[in-house]
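See structure below.
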Amino acid sequence: MPESAAAAPDLSVPDLAAIREAARRIAPHVHRTPVLTSSSLDREAGARLFFKCENLQKIGAFKARGATSAVFSLPEAIARRGVVTHSSGNHGAAIAYAAGRRAIPAWVVMPNNAPRSKEAQVRRLGATVRLCEPNVAAREAACAEVQRESGASLVHPFDDPRVIAGQGTAALELLEEHPDLDVVIAPVGGGGLLSGTAIAASGVRPGIGIFGAEPANADDAFRSFASGRVEPVGPTLTIADGLRTSLSPRTLAAIRAHVVAIGLASEEAIVTAMRMIWERMKVIVEPSAAVPLACLLEGTVNVPGARVGVILSGGNVDLDALPWRT
């Protein structure tokens, strides 16, 4: 085999059929979350907004979909050896939840600076936590050690077709309920949610406008989308901690194939959007979930008069560290 062929990255992604199959697989284990509207927020954004409330999902985030899809995809003999992942928050909790549903062991490698509340949630859901230094190399080394010791299967937080298929089921449900949407917007960190959303939405409704939403202070997906190669996320200060992750070649390829553009939101707009959702919709969302609305408010996603589906990705927020507390 030529060296160039051997080195070619795996860019495979699920198709619409795989996302529909994932929806059937995870249905007994996750919520079909509601879609909420707000005439007040419609006026602010200049569009009709339909919020898919994954903040009301199991473990409080869309991550339950991808993790459950991956865990329940494993053959029984392999599943018995358990699963392992690395995560500083929602994906770790989702793997712990899904493994508990299947009654198999789970290990979650977490950076030693992860919020104690998130570590406690992972432990409470039954996973074994292994702490490591807060860098990618340490996370990967710790996961590899667990695999050597236990034979557990790795479930990557976003660079996995089974995970991407699960994440795409949120958009599938949204378009089943509102098939006439013009636009769908999802936040983007590692790209699993936006990839799945893009594949599902473009498959169900060809020609629909699909946008990503990202903090301006962590604009690696925006830069990667423009350059065509994965641009690393640098040292960043953004309140949207769930979006401090670089894309993978797989998720970048899917996003560039289906997404129109990626909007950027200022920190001030993210906080404003988060508070507006809390006050006007009476639901709790975390900062990452507010980024799409922030992009609409600042006009970096400019879709006046459109019918817009917005994925509210999660609601796991530290109530002792609210950005508007004084």
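How things are named: the first chain in the structure tokens is A, the next is B, and so on; residues count from 1 in each chain; ligands count from 1 in the order shown.
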
Inset, instruction - Excluding region 174-187 of chain A and any residue of its chain fewer than 3 positions from it, enumerate the residues within 7 Å of it, using only C-alpha atoms, and give them as JSON, numbers by chain. - result: {"A": [52, 170, 171, 194, 208, 209, 210, 211, 212, 213, 214, 288, 289, 291, 292, 306, 307, 308, 309, 310, 311]}

Inset, instruction - Please return as a VMD selection string: the residues of region 95-174 of chain A that backbone DSSP assigns to alpha helix (DSSP H). - result: chain A and resid 95 to 102 116 to 124 136 to 150 161 to 174

Legend entry - Gln121 (chain A) surroundings by only C-alpha atoms, 12 Å radius, close-in-sequence under 2 positions cut, as a list in words: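 With the cut-off at 12 Å, the set is Ile59, Gly60, Ser88, Gly89, Asn90, His91, Gly92, Ala93, Ala94, Ile95, Ala96, Tyr97, Val108, Ala114, Pro115, Arg116, Ser117, Lys118, Glu119, Arg123, Arg124, Leu125, Gly126, Ala127, Thr128, Val129 and Asn316 of chain A.
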
Using only C-alpha atoms, please write the residues we just selected to a file, as a PDB file, in the first residue's frame.
```pdb
ATOM      1  CA  ILE A  59     -27.953  14.279  31.938  1.00  0.00           C
ATOM      2  CA  GLY A  60     -28.972  17.791  30.856  1.00  0.00           C
ATOM      3  CA  SER A  88     -14.285  17.406  31.243  1.00  0.00           C
ATOM      4  CA  GLY A  89     -18.048  17.342  31.575  1.00  0.00           C
ATOM      5  CA  ASN A  90     -21.180  16.464  29.611  1.00  0.00           C
ATOM      6  CA  HIS A  91     -19.827  13.642  27.437  1.00  0.00           C
ATOM      7  CA  GLY A  92     -18.370  11.892  30.473  1.00  0.00           C
ATOM      8  CA  ALA A  93     -21.713  12.057  32.239  1.00  0.00           C
ATOM      9  CA  ALA A  94     -23.432  10.805  29.078  1.00  0.00           C
ATOM     10  CA  ILE A  95     -21.115   7.787  28.805  1.00  0.00           C
ATOM     11  CA  ALA A  96     -21.657   7.015  32.479  1.00  0.00           C
ATOM     12  CA  TYR A  97     -25.423   7.225  31.948  1.00  0.00           C
ATOM     13  CA  VAL A 108     -14.074   8.512  32.339  1.00  0.00           C
ATOM     14  CA  ALA A 114     -12.449  19.908  35.757  1.00  0.00           C
ATOM     15  CA  PRO A 115     -15.242  21.421  37.846  1.00  0.00           C
ATOM     16  CA  ARG A 116     -15.789  19.310  40.936  1.00  0.00           C
ATOM     17  CA  SER A 117     -19.535  19.385  40.303  1.00  0.00           C
ATOM     18  CA  LYS A 118     -19.044  17.692  36.915  1.00  0.00           C
ATOM     19  CA  GLU A 119     -16.687  15.098  38.360  1.00  0.00           C
ATOM     20  CA  ARG A 123     -19.205   9.410  39.746  1.00  0.00           C
ATOM     21  CA  ARG A 124     -22.854   9.620  40.798  1.00  0.00           C
ATOM     22  CA  LEU A 125     -23.862   8.040  37.482  1.00  0.00           C
ATOM     23  CA  GLY A 126     -21.639   5.047  38.237  1.00  0.00           C
ATOM     24  CA  ALA A 127     -18.464   5.586  36.202  1.00  0.00           C
ATOM     25  CA  THR A 128     -14.923   5.238  37.512  1.00  0.00           C
ATOM     26  CA  VAL A 129     -13.090   8.553  37.186  1.00  0.00           C
ATOM     27  CA  ASN A 316     -25.541  22.116  32.954  1.00  0.00           C
TER      28      ASN A 316
END
```

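Separating CA of Leu319 (chain A) from CA of Ala64 (chain A) is a distance of 21.4 Å.
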
Legend entry - Near-Gly191 (chain A) list (6 Å; only C-alpha atoms; drop same-chain fewer than 3 positions) as a list in words: Val188, Leu194, Ser195, Leu247 and Thr251 of chain A

Legend entry - Separation of CA of Ala290 (chain A) from CA of Ala45 (chain A) in Å: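 Separation between CA of Ala45 (chain A) and CA of Ala290 (chain A): 13.1 Å.
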
Inset, instruction - May I ask for the distance between CA of Asp160 (chain A) and CA of Pro105 (chain A), given in Å to one decimal place? - result: 19.8 Å

Legend entry - Per-residue DSSP, region 95-289 of chain A, filtered to strand (DSSP E), as a PyMOL selection string: chain A and resi 106-111+128-132+153-154+183-187+209-215+261-265

Inset, instruction - Please provide as JSON, numbers by chain all residues within 12 Å of Gly166 (chain A), with the sequence filter that same-chain residues fewer than 5 positions apart are discarded (counting only C-alpha atoms). - result: {"A": [13, 14, 15, 16, 17, 18, 19, 20, 21, 22, 23, 24, 25, 26, 27, 29, 30, 62, 63, 64, 65, 66, 67, 68, 69, 70, 71, 72, 73, 94, 157, 158, 160, 161, 171, 172, 173, 192, 193, 194, 195, 196, 197, 199, 200]}

Any chance you could export the current selection's N, CA and C atoms as a short mmCIF file (atom, residue, chain, number, x, y, z; two decimals), in the first residue's frame?
```
data_model
loop_
_atom_site.label_atom_id
_atom_site.label_comp_id
_atom_site.auth_asym_id
_atom_site.auth_seq_id
_atom_site.Cartn_x
_atom_site.Cartn_y
_atom_site.Cartn_z
N VAL A 13 -18.48 9.33 7.83
CA VAL A 13 -19.54 9.90 8.66
C VAL A 13 -20.83 9.14 8.39
N PRO A 14 -21.77 9.19 9.30
CA PRO A 14 -23.05 8.50 9.06
C PRO A 14 -23.86 9.21 7.99
N ASP A 15 -24.72 8.47 7.34
CA ASP A 15 -25.68 9.08 6.42
C ASP A 15 -27.03 9.19 7.11
N LEU A 16 -28.02 9.68 6.40
CA LEU A 16 -29.34 9.87 7.01
C LEU A 16 -29.91 8.56 7.51
N ALA A 17 -29.70 7.47 6.78
CA ALA A 17 -30.21 6.17 7.21
C ALA A 17 -29.59 5.77 8.55
N ALA A 18 -28.30 6.04 8.73
CA ALA A 18 -27.64 5.69 9.99
C ALA A 18 -28.18 6.54 11.13
N ILE A 19 -28.52 7.79 10.86
CA ILE A 19 -29.09 8.65 11.90
C ILE A 19 -30.49 8.16 12.26
N ARG A 20 -31.27 7.75 11.27
CA ARG A 20 -32.60 7.19 11.57
C ARG A 20 -32.47 5.91 12.40
N GLU A 21 -31.49 5.08 12.08
CA GLU A 21 -31.27 3.85 12.85
C GLU A 21 -30.84 4.20 14.28
N ALA A 22 -29.99 5.21 14.43
CA ALA A 22 -29.59 5.65 15.77
C ALA A 22 -30.80 6.12 16.57
N ALA A 23 -31.72 6.81 15.90
CA ALA A 23 -32.94 7.28 16.58
C ALA A 23 -33.74 6.11 17.13
N ARG A 24 -33.85 5.05 16.34
CA ARG A 24 -34.56 3.87 16.83
C ARG A 24 -33.81 3.21 17.98
N ARG A 25 -32.49 3.17 17.90
CA ARG A 25 -31.67 2.50 18.91
C ARG A 25 -31.74 3.22 20.26
N ILE A 26 -31.74 4.54 20.24
CA ILE A 26 -31.67 5.28 21.50
C ILE A 26 -33.04 5.63 22.07
N ALA A 27 -34.10 5.43 21.30
CA ALA A 27 -35.44 5.88 21.72
C ALA A 27 -35.84 5.42 23.12
N HIS A 29 -34.09 5.12 25.67
CA HIS A 29 -33.15 5.56 26.69
C HIS A 29 -33.01 7.06 26.81
N VAL A 30 -33.55 7.84 25.88
CA VAL A 30 -33.42 9.29 25.92
C VAL A 30 -34.79 9.94 25.79
N PHE A 62 -27.43 17.30 25.03
CA PHE A 62 -27.56 16.47 23.84
C PHE A 62 -26.58 15.31 23.83
N LYS A 63 -25.51 15.39 24.62
CA LYS A 63 -24.48 14.35 24.62
C LYS A 63 -25.05 12.97 24.95
N ALA A 64 -26.18 12.92 25.64
CA ALA A 64 -26.79 11.62 25.95
C ALA A 64 -27.14 10.86 24.68
N ARG A 65 -27.45 11.57 23.61
CA ARG A 65 -27.83 10.92 22.36
C ARG A 65 -26.64 10.18 21.74
N GLY A 66 -25.54 10.88 21.56
CA GLY A 66 -24.38 10.26 20.93
C GLY A 66 -23.78 9.15 21.76
N ALA A 67 -23.69 9.36 23.06
CA ALA A 67 -23.13 8.34 23.93
C ALA A 67 -23.98 7.08 23.93
N THR A 68 -25.29 7.24 23.99
CA THR A 68 -26.19 6.08 23.99
C THR A 68 -26.14 5.37 22.65
N SER A 69 -26.06 6.12 21.57
CA SER A 69 -25.93 5.51 20.25
C SER A 69 -24.69 4.63 20.18
N ALA A 70 -23.57 5.15 20.66
CA ALA A 70 -22.31 4.40 20.59
C ALA A 70 -22.33 3.18 21.51
N VAL A 71 -22.76 3.37 22.74
CA VAL A 71 -22.74 2.28 23.72
C VAL A 71 -23.66 1.14 23.29
N PHE A 72 -24.83 1.46 22.76
CA PHE A 72 -25.76 0.41 22.36
C PHE A 72 -25.48 -0.12 20.95
N SER A 73 -24.44 0.40 20.31
CA SER A 73 -23.99 -0.16 19.03
C SER A 73 -23.04 -1.34 19.23
N ALA A 94 -22.60 11.55 30.03
CA ALA A 94 -23.43 10.80 29.08
C ALA A 94 -22.96 9.36 28.94
N PRO A 157 -15.44 11.65 22.26
CA PRO A 157 -16.53 12.62 22.46
C PRO A 157 -17.21 13.09 21.19
N PHE A 158 -16.48 13.14 20.06
CA PHE A 158 -17.11 13.62 18.82
C PHE A 158 -16.56 12.98 17.56
N ASP A 160 -16.36 10.14 16.08
CA ASP A 160 -16.87 8.77 16.04
C ASP A 160 -18.20 8.79 15.28
N PRO A 161 -18.32 8.03 14.18
CA PRO A 161 -19.58 8.06 13.42
C PRO A 161 -20.81 7.67 14.23
N ALA A 171 -31.81 17.01 15.51
CA ALA A 171 -32.31 17.74 14.33
C ALA A 171 -33.37 16.93 13.61
N LEU A 172 -33.22 15.61 13.60
CA LEU A 172 -34.24 14.75 12.98
C LEU A 172 -35.59 14.96 13.65
N GLU A 173 -35.61 14.94 14.97
CA GLU A 173 -36.86 15.18 15.70
C GLU A 173 -37.40 16.58 15.44
N GLY A 192 -19.23 17.35 16.68
CA GLY A 192 -20.13 16.20 16.59
C GLY A 192 -21.58 16.59 16.42
N LEU A 193 -22.03 17.58 17.21
CA LEU A 193 -23.42 18.03 17.11
C LEU A 193 -23.68 18.70 15.78
N LEU A 194 -22.80 19.61 15.36
CA LEU A 194 -23.04 20.32 14.10
C LEU A 194 -22.96 19.36 12.92
N SER A 195 -22.04 18.40 12.94
CA SER A 195 -21.95 17.41 11.86
C SER A 195 -23.24 16.61 11.77
N GLY A 196 -23.69 16.07 12.89
CA GLY A 196 -24.92 15.28 12.88
C GLY A 196 -26.12 16.09 12.47
N THR A 197 -26.20 17.33 12.97
CA THR A 197 -27.29 18.22 12.62
C THR A 197 -27.29 18.49 11.12
N ILE A 199 -25.94 16.71 8.60
CA ILE A 199 -26.26 15.52 7.81
C ILE A 199 -27.76 15.23 7.88
N ALA A 200 -28.32 15.30 9.08
CA ALA A 200 -29.75 15.02 9.24
C ALA A 200 -30.60 16.06 8.54
#
```

Inset, instruction - Check the smallest atom-to-atom distance from each of A:Met274, A:Ala198, A:Val84, A:Leu131 to Ser150 (chain A) using only C-alpha atoms, then report the winner. - result: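 Smallest separation from Ser150 (chain A) among the options: A:Val84.
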
Inset, instruction - For each of A:Val83, A:Met110, A:Val283, A:Cys132, take the minimum atom-to-atom distance to Pro34 (chain A), counting only C-alpha atoms, then give the residue where this is smallest. - result: A:Val283

Legend entry - Nearest to Phe225 (chain A), chosen from A:Ser12, A:Thr238, A:Ser246, A:Ser40, with only C-alpha atoms counted in the distances: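 Of the candidates, the smallest distance to Phe225 (chain A) is held by A:Ser246.
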
Inset, instruction - Could you check which of A:Glu286, A:Asp318, A:Glu140, A:Glu298 is closest to Glu54 (chain A), using only C-alpha atoms? - result: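 Of the candidates, the smallest distance to Glu54 (chain A) is held by A:Glu286.
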
Spatial neighbours of Asp220 (chain A), max dist 8 Å, only C-alpha atoms, sep filter under 4 positions, as a compact mmCIF listing (two decimals) with N, CA and C atoms, in the first residue's frame:
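Listing of result-v9.txt after writing:
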```
# COMPACT_ATOMS: atom_id res chain seq x y z
N SER A 224 -11.09 27.04 10.76
CA SER A 224 -10.96 25.76 10.06
C SER A 224 -11.89 25.69 8.87
N VAL A 230 -7.83 21.58 9.94
CA VAL A 230 -8.15 21.77 11.36
C VAL A 230 -7.19 22.79 11.97
N GLU A 231 -7.75 23.88 12.43
CA GLU A 231 -6.97 24.91 13.10
C GLU A 231 -7.15 24.71 14.61
N PRO A 232 -6.06 24.61 15.35
CA PRO A 232 -6.18 24.32 16.78
C PRO A 232 -6.80 25.48 17.54
N VAL A 233 -7.53 25.14 18.59
CA VAL A 233 -8.02 26.18 19.48
C VAL A 233 -6.86 26.58 20.38
N GLY A 234 -6.60 27.86 20.46
CA GLY A 234 -5.50 28.34 21.28
C GLY A 234 -5.94 28.61 22.70
N SER A 246 -11.19 21.73 19.56
CA SER A 246 -10.94 21.81 18.12
C SER A 246 -11.73 20.73 17.38
N LEU A 247 -12.02 20.99 16.12
CA LEU A 247 -12.63 20.00 15.25
C LEU A 247 -11.67 18.84 15.00
```

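Remark: for Lys58 (chain A), the closest of the candidate residues A:Pro249, A:Pro206, A:Pro28, A:Gly151 is A:Pro28 (distances computed over only C-alpha atoms).
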
Any chance you could tabulate, as a tab-separated table, the residues of region 209-243 of chain A at most 10 Å from region 264-267 of chain A with each one's nearest atom pair and distance in Å to one decimal, using only C-alpha atoms, in chain and rising number order?
```
residue	atom	partner	partner_atom	distance
A:Gly212	CA	A:Leu264	CA	8.7
A:Ala213	CA	A:Leu264	CA	6.0
A:Glu214	CA	A:Leu264	CA	5.0
A:Pro215	CA	A:Ala265	CA	4.8
A:Ala216	CA	A:Leu264	CA	4.9
A:Asn217	CA	A:Ser266	CA	7.3
A:Ala218	CA	A:Leu264	CA	8.9
A:Asp219	CA	A:Leu264	CA	7.2
A:Ala221	CA	A:Leu264	CA	9.8
A:Phe222	CA	A:Leu264	CA	7.7
A:Leu237	CA	A:Glu267	CA	9.2
A:Thr238	CA	A:Glu267	CA	6.7
A:Ile239	CA	A:Glu267	CA	6.9
A:Ala240	CA	A:Glu267	CA	8.4
```
